[in-house]
Amino acid sequence: MFGTESSLSMFLNTLTPKFYVALTGTSSLISGLILIFEWWYFRKYGTSFIEQVSVSHLRPLLGGVDSSTPSSANTSNGEADSSRQSVSECKVWRNPLNLFRGAEYNRYTWVTGREPLTYYDMNLSAQDHQTFFTCDSDHLRPADAIMQKAWRERNPQARISAAHEALELEDCATAFILLAEEEATTIMEAERLFKQALKAGDVCYRRSQQLQHHGTQYEAQHRRDTNVLVYIKRRLAMCSRKLGRTREAVKMMRDLCVFQLMKEFPLLSMFNIHENLLESLLELQNYADVQAVLAKYDDISLPKSATICYTAALLKARAVSDKFSPEAASRRGLSTAEMNAVEAIHRAVEFNPHVPKYLLEMKSLILPPEHILKRGDSEAIAYAFFHLQHWKRVEGALNLLHCTWEGSESFRMIPYPLEKGHLFYPYPICTETADRELLPTVFHEVSVYPKKELPFFILFTAGLCSFTAMLALLTHQFPELMGVFAKAFLSTLFAPLNFIMEKVESILPSSLWHQLTRI
């Protein structure tokens with residue numbers, strides 16, 4: 001025992017100040033590298049790497065419960081059940097209210113010199129067009145064969161030239177669609193082309209409808225013709241809405257909703273025509289019909305959206321917002337109707353926390369992308385771009401939103417990633433990465449939520465790095481003093497161990513202790 005102590009004391013006495021400088025310098029370097037990696041991972045994914053590994057991998061091994069797994073949904077809230085957790089949180093959806101590329105997006109580019117659409121967004125649109133407007137039997141019709149190649153073209157002028165080439169052969173509905181979307185420079189011109197597309201598409205639809213049961217090839221052709229017809233009618237309704245014929249647009253959208261419910265093609269649900277209908281009904285201030293549409297689509301079987309959640313909040317806020325006063329509410333408390341409105345706003349903010357800043361005009365809007373990420377900044381822009389006017393029209397609605405969103409600190413009620421949600425699943429941590437692909441970050445600052453405080457491990461590694469760097473500097477400047485300090489520190493550190501060893505040695509027989517030391 002005493003030999004071990006003497007060896008340790010001799011070893012400590014032989015250490016030079018250079019050793020302590022090298023030791024502390026190496027520790028500072030390693031902790032600095034860990035700090036840099038943790039910071040980079042936090043900036044990219046919104047969470048600590050060490051925290052992510054410990055929660056995802058170590059906690060299950062230790063018998064803990066994975067906190068990233070949301071609790072089962074409360075049936076009173078009408079949310080989805082736990083079996084839908086396997087659905088990807090960061091699935092990109094087509095924007096139901098996307099603008100016309102030629103008449104709106106391109107005009108913006110001509111005026112400002114900025115590109116409102118990213119390459120990733122346009123590439124997704126190209127994939128959608130190939131899914132909606134092509135099928136395996138296109139090679140049987142020359143015009144459709146040309147259009148099948150046109151939808152794959154990256155050059156806009158090449159696509160437009162191919163559409164004109166297809167129209168020289170026959171009246172091709174998809175060729176008219178491409179020209180209406182990309183070549184038309186005004187909404188009126190786009191509407192004229194869509195009407196021609198409707199005429200040609202209706203003929204193809206009726207023909208394929210009669211042959212759909214003759215084989216899988218005809219069935220696929222009929223499915224494609226159905227997609228084309230629904231797309232044309234939806235865009236015609238949007239043209240009517242943009243040209244001020246809102247009642248006509250509502251009628252067309254209602255017919256499309258009925259048609260969508262009658263058909264069993266899954267692609268029709270991707271158009272989300274009910275969101276177009278909600279916006280048009282709000283423009284007419286037909287709030288009773290808006291409530292009826294919400295009652296039909298705001299249920300557990302359909303994915304939520306900012307349009308659904310914030311429109312429901314707007315209707316409940318409308319009932320109390322004109323007489324709402326924060327001072328009066330703080331004195332007497334909230335009434336039942338006011339509480340319902342506040343809870344609806346909390347629900348909407350939990351689903352998409354980016355929307356309030358755009359509705360309250362605390363952040364500037366840009367043109368919405370052609371695709372959106374639900375619960376992300378892209379969806380917030382798309383919603384606020386079309387619905388800000390409806391919130392302004394309801395007296396006091398924005399004031400109630402501001403008081404609820406900021407005054408009651410509803411942001412603090414929203415769960416962070418890796419935590420359980422209140423009404424929805426935890427806010428996904430992948431929204432920032434997807435939104436940066438969808439939005440033009442050159443002139444738009446992507447909204448990021450949650451802006452969680454720095455994780456403990458980043459603060460710990462920063463402190464460790466700073467402490468070891470300070471020790472290295474002090475050891476270099478005052479080697480003798482730091483050497484004395486290091487020896488005293490190590491002696492104090494090993495004092496409890498020495499005390500325990502002495503007690504063990506006094507209790508055990510000397511012969512047994514001798515055999516143990518030899519081992």
# chains A, B, ... in the order shown; residues from 1 in each chain; ligands from 1
>>> residues_around(residues="segment 384-386 of chain A", least_positions_apart="5", cutoff="7 Å", atoms="only C-alpha atoms", output="ChimeraX atom specification")
/A:355,358-359,365
>>> write_last_selection(atoms="N, CA and C atoms", output="compact mmCIF listing (two decimals), in the first residue's frame")
# COMPACT_ATOMS: atom_id res chain seq x y z
N VAL A 355 -47.47 31.56 -38.41
CA VAL A 355 -48.51 32.37 -39.04
C VAL A 355 -48.72 33.73 -38.36
N TYR A 358 -46.97 36.90 -39.65
CA TYR A 358 -47.39 37.39 -40.97
C TYR A 358 -48.76 38.06 -40.88
N LEU A 359 -49.67 37.49 -40.10
CA LEU A 359 -50.99 38.10 -39.96
C LEU A 359 -50.91 39.45 -39.24
N LEU A 365 -44.37 39.66 -46.22
CA LEU A 365 -44.79 38.51 -47.01
C LEU A 365 -44.05 38.47 -48.34
>>> residues_around(residues="segment 348-354 of chain A", least_positions_apart="2", cutoff="6 Å", atoms="only C-alpha atoms", output="list in words")
Cys309, Tyr310, Ile345, His346, Pro356, Arg375, Asp377, Ala380 and Ile414 of chain A
>>> residues_around(residues="segment 186-200 of chain A", least_positions_apart="6", cutoff="8 Å", atoms="only C-alpha atoms", output="list of chain:residue names")
A:Gly102, A:Ala103, A:Glu104, A:Asp171, A:Cys172, A:Ala173, A:Thr174, A:Ala175, A:Phe176, A:Ile177, A:Leu179, A:Ala180, A:Leu229, A:Ile232, A:Lys233, A:Arg235, A:Leu236, A:Cys239, A:Lys242, A:Leu243
>>> write_last_selection(atoms="C-alpha atoms", output="PDB file, in the first residue's frame")
ATOM      1  CA  GLY A 102     -46.744  32.893 -66.383  1.00  0.00           C
ATOM      2  CA  ALA A 103     -49.325  35.448 -65.292  1.00  0.00           C
ATOM      3  CA  GLU A 104     -48.081  35.962 -61.726  1.00  0.00           C
ATOM      4  CA  ASP A 171     -56.644  19.692 -79.492  1.00  0.00           C
ATOM      5  CA  CYS A 172     -54.673  18.347 -76.530  1.00  0.00           C
ATOM      6  CA  ALA A 173     -55.981  19.273 -73.089  1.00  0.00           C
ATOM      7  CA  THR A 174     -52.600  18.988 -71.333  1.00  0.00           C
ATOM      8  CA  ALA A 175     -50.979  21.207 -74.001  1.00  0.00           C
ATOM      9  CA  PHE A 176     -53.556  23.926 -73.307  1.00  0.00           C
ATOM     10  CA  ILE A 177     -52.855  23.503 -69.571  1.00  0.00           C
ATOM     11  CA  LEU A 179     -49.681  27.155 -72.151  1.00  0.00           C
ATOM     12  CA  ALA A 180     -52.206  28.550 -69.668  1.00  0.00           C
ATOM     13  CA  LEU A 229     -60.506  17.420 -65.889  1.00  0.00           C
ATOM     14  CA  ILE A 232     -58.757  22.304 -65.333  1.00  0.00           C
ATOM     15  CA  LYS A 233     -62.007  22.997 -63.490  1.00  0.00           C
ATOM     16  CA  ARG A 235     -57.888  26.391 -62.189  1.00  0.00           C
ATOM     17  CA  LEU A 236     -60.913  27.856 -63.984  1.00  0.00           C
ATOM     18  CA  CYS A 239     -59.416  32.348 -62.491  1.00  0.00           C
ATOM     19  CA  LYS A 242     -59.049  36.272 -59.237  1.00  0.00           C
ATOM     20  CA  LEU A 243     -61.213  38.123 -61.773  1.00  0.00           C
TER      21      LEU A 243
END
>>> residues_around(residues="segment 152-161 of chain A", least_positions_apart="6", cutoff="8 Å", atoms="only C-alpha atoms", output="PyMOL selection string")
chain A and resi 126+130+178-179+182-183
>>> residues_around(residues="Ala469 of chain A", least_positions_apart="6", cutoff="9 Å", atoms="only C-alpha atoms", output="number ranges by chain")
A: 24-25, 27-29
>>> write_last_selection(atoms="N, CA, C and O atoms", output="mmCIF file, in the first residue's frame")
data_model
loop_
_atom_site.group_PDB
_atom_site.id
_atom_site.type_symbol
_atom_site.label_atom_id
_atom_site.label_comp_id
_atom_site.auth_asym_id
_atom_site.auth_seq_id
_atom_site.Cartn_x
_atom_site.Cartn_y
_atom_site.Cartn_z
ATOM 1 N N THR A 24 -3.814 20.414 -20.479
ATOM 2 C CA THR A 24 -4.933 21.361 -20.521
ATOM 3 C C THR A 24 -5.188 21.873 -21.935
ATOM 4 O O THR A 24 -6.326 22.094 -22.330
ATOM 5 N N GLY A 25 -4.130 22.051 -22.706
ATOM 6 C CA GLY A 25 -4.314 22.486 -24.091
ATOM 7 C C GLY A 25 -5.049 21.445 -24.928
ATOM 8 O O GLY A 25 -5.939 21.771 -25.712
ATOM 9 N N SER A 27 -7.096 19.125 -23.760
ATOM 10 C CA SER A 27 -8.482 19.089 -23.286
ATOM 11 C C SER A 27 -9.289 20.247 -23.864
ATOM 12 O O SER A 27 -10.446 20.087 -24.263
ATOM 13 N N SER A 28 -8.664 21.422 -23.908
ATOM 14 C CA SER A 28 -9.356 22.586 -24.482
ATOM 15 C C SER A 28 -9.657 22.374 -25.961
ATOM 16 O O SER A 28 -10.741 22.715 -26.451
ATOM 17 N N LEU A 29 -8.707 21.785 -26.696
ATOM 18 C CA LEU A 29 -8.911 21.534 -28.120
ATOM 19 C C LEU A 29 -10.057 20.546 -28.344
ATOM 20 O O LEU A 29 -10.945 20.774 -29.185
#
>>> select_by_dssp(residues="segment 193-380 of chain A", states="helix (DSSP H, G or I)", output="PyMOL selection string")
chain A and resi 193-214+216-242+246-262+266-271+273-283+287-297+306-318+321-323+326-332+336-351+355-359+377-380
>>> write_last_selection(atoms="C-alpha atoms", output="short mmCIF file (atom, residue, chain, number, x, y, z; two decimals), in the first residue's frame")
data_model
loop_
_atom_site.label_atom_id
_atom_site.label_comp_id
_atom_site.auth_asym_id
_atom_site.auth_seq_id
_atom_site.Cartn_x
_atom_site.Cartn_y
_atom_site.Cartn_z
CA LEU A 193 -56.74 28.68 -72.63
CA PHE A 194 -58.22 26.71 -69.73
CA LYS A 195 -61.66 26.89 -71.36
CA GLN A 196 -60.17 25.37 -74.51
CA ALA A 197 -58.50 22.75 -72.33
CA LEU A 198 -61.84 21.99 -70.66
CA LYS A 199 -63.51 21.40 -74.01
CA ALA A 200 -60.77 18.99 -75.15
CA GLY A 201 -60.44 17.34 -71.73
CA ASP A 202 -64.19 16.71 -71.43
CA VAL A 203 -64.17 14.84 -74.76
CA CYS A 204 -61.27 12.63 -73.62
CA TYR A 205 -62.91 12.03 -70.23
CA ARG A 206 -66.23 10.87 -71.72
CA ARG A 207 -64.44 8.60 -74.17
CA SER A 208 -62.25 6.96 -71.52
CA GLN A 209 -65.18 6.68 -69.11
CA GLN A 210 -66.93 4.30 -71.49
CA LEU A 211 -63.80 2.14 -71.89
CA GLN A 212 -62.44 2.15 -68.33
CA HIS A 213 -63.64 -1.40 -67.53
CA HIS A 214 -62.04 -2.96 -70.62
CA THR A 216 -55.99 -1.88 -66.74
CA GLN A 217 -54.66 0.25 -69.58
CA TYR A 218 -58.03 1.92 -70.14
CA GLU A 219 -58.52 2.31 -66.40
CA ALA A 220 -55.20 4.15 -66.08
CA GLN A 221 -56.16 6.33 -69.02
CA HIS A 222 -59.48 7.21 -67.40
CA ARG A 223 -57.75 8.02 -64.12
CA ARG A 224 -55.40 10.38 -65.97
CA ASP A 225 -58.31 12.04 -67.83
CA THR A 226 -60.12 12.48 -64.51
CA ASN A 227 -57.09 14.21 -62.99
CA VAL A 228 -56.82 16.48 -66.02
CA LEU A 229 -60.51 17.42 -65.89
CA VAL A 230 -60.46 18.18 -62.15
CA TYR A 231 -57.27 20.23 -62.51
CA ILE A 232 -58.76 22.30 -65.33
CA LYS A 233 -62.01 23.00 -63.49
CA ARG A 234 -60.13 23.94 -60.33
CA ARG A 235 -57.89 26.39 -62.19
CA LEU A 236 -60.91 27.86 -63.98
CA ALA A 237 -62.55 28.41 -60.59
CA MET A 238 -59.38 30.12 -59.39
CA CYS A 239 -59.42 32.35 -62.49
CA SER A 240 -62.98 33.35 -61.70
CA ARG A 241 -61.97 34.11 -58.12
CA LYS A 242 -59.05 36.27 -59.24
CA THR A 246 -66.40 34.94 -56.60
CA ARG A 247 -69.93 33.46 -56.58
CA GLU A 248 -69.22 31.68 -59.84
CA ALA A 249 -65.97 30.37 -58.38
CA VAL A 250 -67.78 29.08 -55.27
CA LYS A 251 -70.29 27.18 -57.41
CA MET A 252 -67.53 25.54 -59.44
CA MET A 253 -65.60 24.61 -56.29
CA ARG A 254 -68.69 23.09 -54.67
CA ASP A 255 -69.23 20.94 -57.75
CA LEU A 256 -65.60 19.86 -57.61
CA CYS A 257 -65.88 18.93 -53.93
CA VAL A 258 -68.90 16.75 -54.70
CA PHE A 259 -67.07 15.19 -57.66
CA GLN A 260 -64.03 14.53 -55.47
CA LEU A 261 -66.17 12.77 -52.84
CA MET A 262 -67.85 10.63 -55.50
CA PRO A 266 -56.46 9.08 -54.24
CA LEU A 267 -54.77 11.80 -56.33
CA LEU A 268 -57.91 13.95 -56.21
CA SER A 269 -57.43 14.50 -52.47
CA MET A 270 -54.03 16.10 -53.18
CA PHE A 271 -55.75 19.14 -54.71
CA ILE A 273 -60.18 21.92 -53.18
CA HIS A 274 -61.99 22.60 -49.90
CA GLU A 275 -59.26 25.10 -49.01
CA ASN A 276 -59.99 27.04 -52.20
CA LEU A 277 -63.67 26.92 -51.27
CA LEU A 278 -63.03 28.22 -47.76
CA GLU A 279 -61.08 31.21 -49.05
CA SER A 280 -63.78 32.12 -51.56
CA LEU A 281 -66.56 31.81 -48.97
CA LEU A 282 -64.61 34.06 -46.62
CA GLU A 283 -64.37 36.62 -49.41
CA TYR A 287 -69.51 32.54 -42.49
CA ALA A 288 -72.33 30.02 -42.05
CA ASP A 289 -71.17 28.09 -45.12
CA VAL A 290 -67.56 28.37 -43.94
CA GLN A 291 -68.59 26.71 -40.68
CA ALA A 292 -70.38 23.97 -42.61
CA VAL A 293 -67.25 23.24 -44.68
CA LEU A 294 -65.11 23.18 -41.54
CA ALA A 295 -67.50 20.73 -39.88
CA LYS A 296 -67.07 18.40 -42.85
CA TYR A 297 -63.28 18.58 -43.21
CA ALA A 306 -53.14 26.07 -41.30
CA THR A 307 -56.23 26.99 -43.34
CA ILE A 308 -58.43 24.64 -41.32
CA CYS A 309 -57.03 25.61 -37.89
CA TYR A 310 -56.80 29.37 -38.40
CA THR A 311 -60.16 29.64 -40.16
CA ALA A 312 -61.79 27.85 -37.21
CA ALA A 313 -60.00 30.31 -34.89
CA LEU A 314 -61.19 33.25 -37.00
CA LEU A 315 -64.84 32.18 -36.78
CA LYS A 316 -64.67 31.83 -33.00
CA ALA A 317 -62.79 35.11 -32.66
CA ARG A 318 -65.42 36.82 -34.81
CA SER A 321 -63.47 40.21 -31.08
CA ASP A 322 -65.50 43.39 -31.70
CA LYS A 323 -66.14 43.84 -27.95
CA PRO A 326 -57.67 42.96 -22.61
CA GLU A 327 -58.15 45.28 -19.61
CA ALA A 328 -61.76 44.25 -19.09
CA ALA A 329 -60.92 40.57 -19.56
CA SER A 330 -58.16 40.80 -16.94
CA ARG A 331 -60.61 42.34 -14.42
CA ARG A 332 -63.63 40.09 -14.89
CA THR A 336 -67.08 31.11 -22.24
CA ALA A 337 -67.10 32.46 -25.79
CA GLU A 338 -63.82 34.32 -25.24
CA MET A 339 -62.25 31.22 -23.74
CA ASN A 340 -63.32 29.20 -26.77
CA ALA A 341 -61.76 31.80 -29.07
CA VAL A 342 -58.52 31.84 -27.09
CA GLU A 343 -58.33 28.04 -27.09
CA ALA A 344 -58.95 27.98 -30.85
CA ILE A 345 -56.09 30.44 -31.38
CA HIS A 346 -53.83 28.36 -29.11
CA ARG A 347 -54.73 25.31 -31.19
CA ALA A 348 -53.92 27.12 -34.43
CA VAL A 349 -50.65 28.52 -33.09
CA GLU A 350 -49.60 25.09 -31.86
CA PHE A 351 -50.22 23.65 -35.31
CA VAL A 355 -48.51 32.37 -39.04
CA PRO A 356 -49.13 35.11 -36.38
CA LYS A 357 -46.12 37.21 -37.38
CA TYR A 358 -47.39 37.39 -40.97
CA LEU A 359 -50.99 38.10 -39.96
CA ASP A 377 -42.88 28.73 -42.78
CA SER A 378 -43.91 27.96 -46.37
CA GLU A 379 -47.45 27.05 -45.27
CA ALA A 380 -47.62 30.17 -43.09
#
>>> decode(residues="segment 330-342 of chain A", atoms="all heavy atoms", output="short mmCIF file (atom, residue, chain, number, x, y, z; two decimals), in the first residue's frame")
data_model
loop_
_atom_site.label_atom_id
_atom_site.label_comp_id
_atom_site.auth_asym_id
_atom_site.auth_seq_id
_atom_site.Cartn_x
_atom_site.Cartn_y
_atom_site.Cartn_z
N SER A 330 -59.02 41.06 -18.10
CA SER A 330 -58.16 40.80 -16.94
C SER A 330 -58.88 41.07 -15.62
O SER A 330 -58.56 40.46 -14.60
CB SER A 330 -56.89 41.66 -17.03
OG SER A 330 -57.22 43.03 -17.00
N ARG A 331 -59.87 42.02 -15.65
CA ARG A 331 -60.61 42.34 -14.42
C ARG A 331 -61.70 41.31 -14.12
O ARG A 331 -61.80 40.81 -13.00
CB ARG A 331 -61.24 43.73 -14.54
CG ARG A 331 -60.23 44.88 -14.48
CD ARG A 331 -60.94 46.20 -14.23
NE ARG A 331 -61.96 46.46 -15.23
CZ ARG A 331 -61.77 47.13 -16.36
NH1 ARG A 331 -60.56 47.60 -16.63
NH2 ARG A 331 -62.76 47.33 -17.22
N ARG A 332 -62.48 40.96 -15.12
CA ARG A 332 -63.63 40.09 -14.89
C ARG A 332 -63.37 38.64 -15.28
O ARG A 332 -64.17 37.76 -14.99
CB ARG A 332 -64.84 40.60 -15.68
CG ARG A 332 -64.61 40.68 -17.18
CD ARG A 332 -65.86 41.03 -17.95
NE ARG A 332 -65.58 41.36 -19.33
CZ ARG A 332 -65.36 40.48 -20.28
NH1 ARG A 332 -65.34 39.20 -19.99
NH2 ARG A 332 -65.13 40.86 -21.54
N GLY A 333 -62.26 38.39 -15.96
CA GLY A 333 -62.01 37.04 -16.45
C GLY A 333 -62.64 36.82 -17.82
O GLY A 333 -63.45 37.63 -18.29
N LEU A 334 -62.27 35.74 -18.47
CA LEU A 334 -62.77 35.45 -19.80
C LEU A 334 -64.13 34.77 -19.74
O LEU A 334 -64.37 33.89 -18.91
CB LEU A 334 -61.79 34.54 -20.55
CG LEU A 334 -60.40 35.13 -20.87
CD1 LEU A 334 -59.51 34.06 -21.49
CD2 LEU A 334 -60.52 36.33 -21.80
N SER A 335 -65.00 35.19 -20.64
CA SER A 335 -66.29 34.52 -20.76
C SER A 335 -66.11 33.19 -21.49
O SER A 335 -65.03 32.88 -21.99
CB SER A 335 -67.28 35.41 -21.52
OG SER A 335 -66.83 35.61 -22.85
N THR A 336 -67.17 32.42 -21.57
CA THR A 336 -67.08 31.11 -22.24
C THR A 336 -66.74 31.28 -23.71
O THR A 336 -65.88 30.55 -24.25
CB THR A 336 -68.42 30.36 -22.10
OG1 THR A 336 -68.73 30.21 -20.71
CG2 THR A 336 -68.32 28.98 -22.74
N ALA A 337 -67.38 32.24 -24.37
CA ALA A 337 -67.10 32.46 -25.79
C ALA A 337 -65.67 32.94 -26.00
O ALA A 337 -64.99 32.52 -26.95
CB ALA A 337 -68.10 33.46 -26.36
N GLU A 338 -65.20 33.84 -25.12
CA GLU A 338 -63.82 34.32 -25.24
C GLU A 338 -62.83 33.20 -24.98
O GLU A 338 -61.78 33.11 -25.65
CB GLU A 338 -63.60 35.48 -24.26
CG GLU A 338 -64.34 36.75 -24.65
CD GLU A 338 -64.26 37.82 -23.57
OE1 GLU A 338 -63.98 37.45 -22.40
OE2 GLU A 338 -64.50 38.99 -23.88
N MET A 339 -63.12 32.35 -24.02
CA MET A 339 -62.25 31.22 -23.74
C MET A 339 -62.18 30.27 -24.93
O MET A 339 -61.09 29.77 -25.27
CB MET A 339 -62.73 30.47 -22.49
CG MET A 339 -61.82 29.31 -22.08
SD MET A 339 -60.14 29.84 -21.67
CE MET A 339 -60.46 30.73 -20.15
N ASN A 340 -63.30 30.05 -25.58
CA ASN A 340 -63.32 29.20 -26.77
C ASN A 340 -62.47 29.80 -27.88
O ASN A 340 -61.75 29.09 -28.59
CB ASN A 340 -64.75 28.99 -27.26
CG ASN A 340 -65.56 28.12 -26.32
OD1 ASN A 340 -65.02 27.33 -25.56
ND2 ASN A 340 -66.89 28.27 -26.36
N ALA A 341 -62.56 31.13 -28.04
CA ALA A 341 -61.76 31.80 -29.07
C ALA A 341 -60.28 31.70 -28.75
O ALA A 341 -59.46 31.43 -29.64
CB ALA A 341 -62.20 33.25 -29.19
N VAL A 342 -59.93 31.91 -27.49
CA VAL A 342 -58.52 31.84 -27.09
C VAL A 342 -57.98 30.42 -27.28
O VAL A 342 -56.86 30.23 -27.79
CB VAL A 342 -58.37 32.29 -25.63
CG1 VAL A 342 -56.98 31.96 -25.10
CG2 VAL A 342 -58.63 33.79 -25.51
#
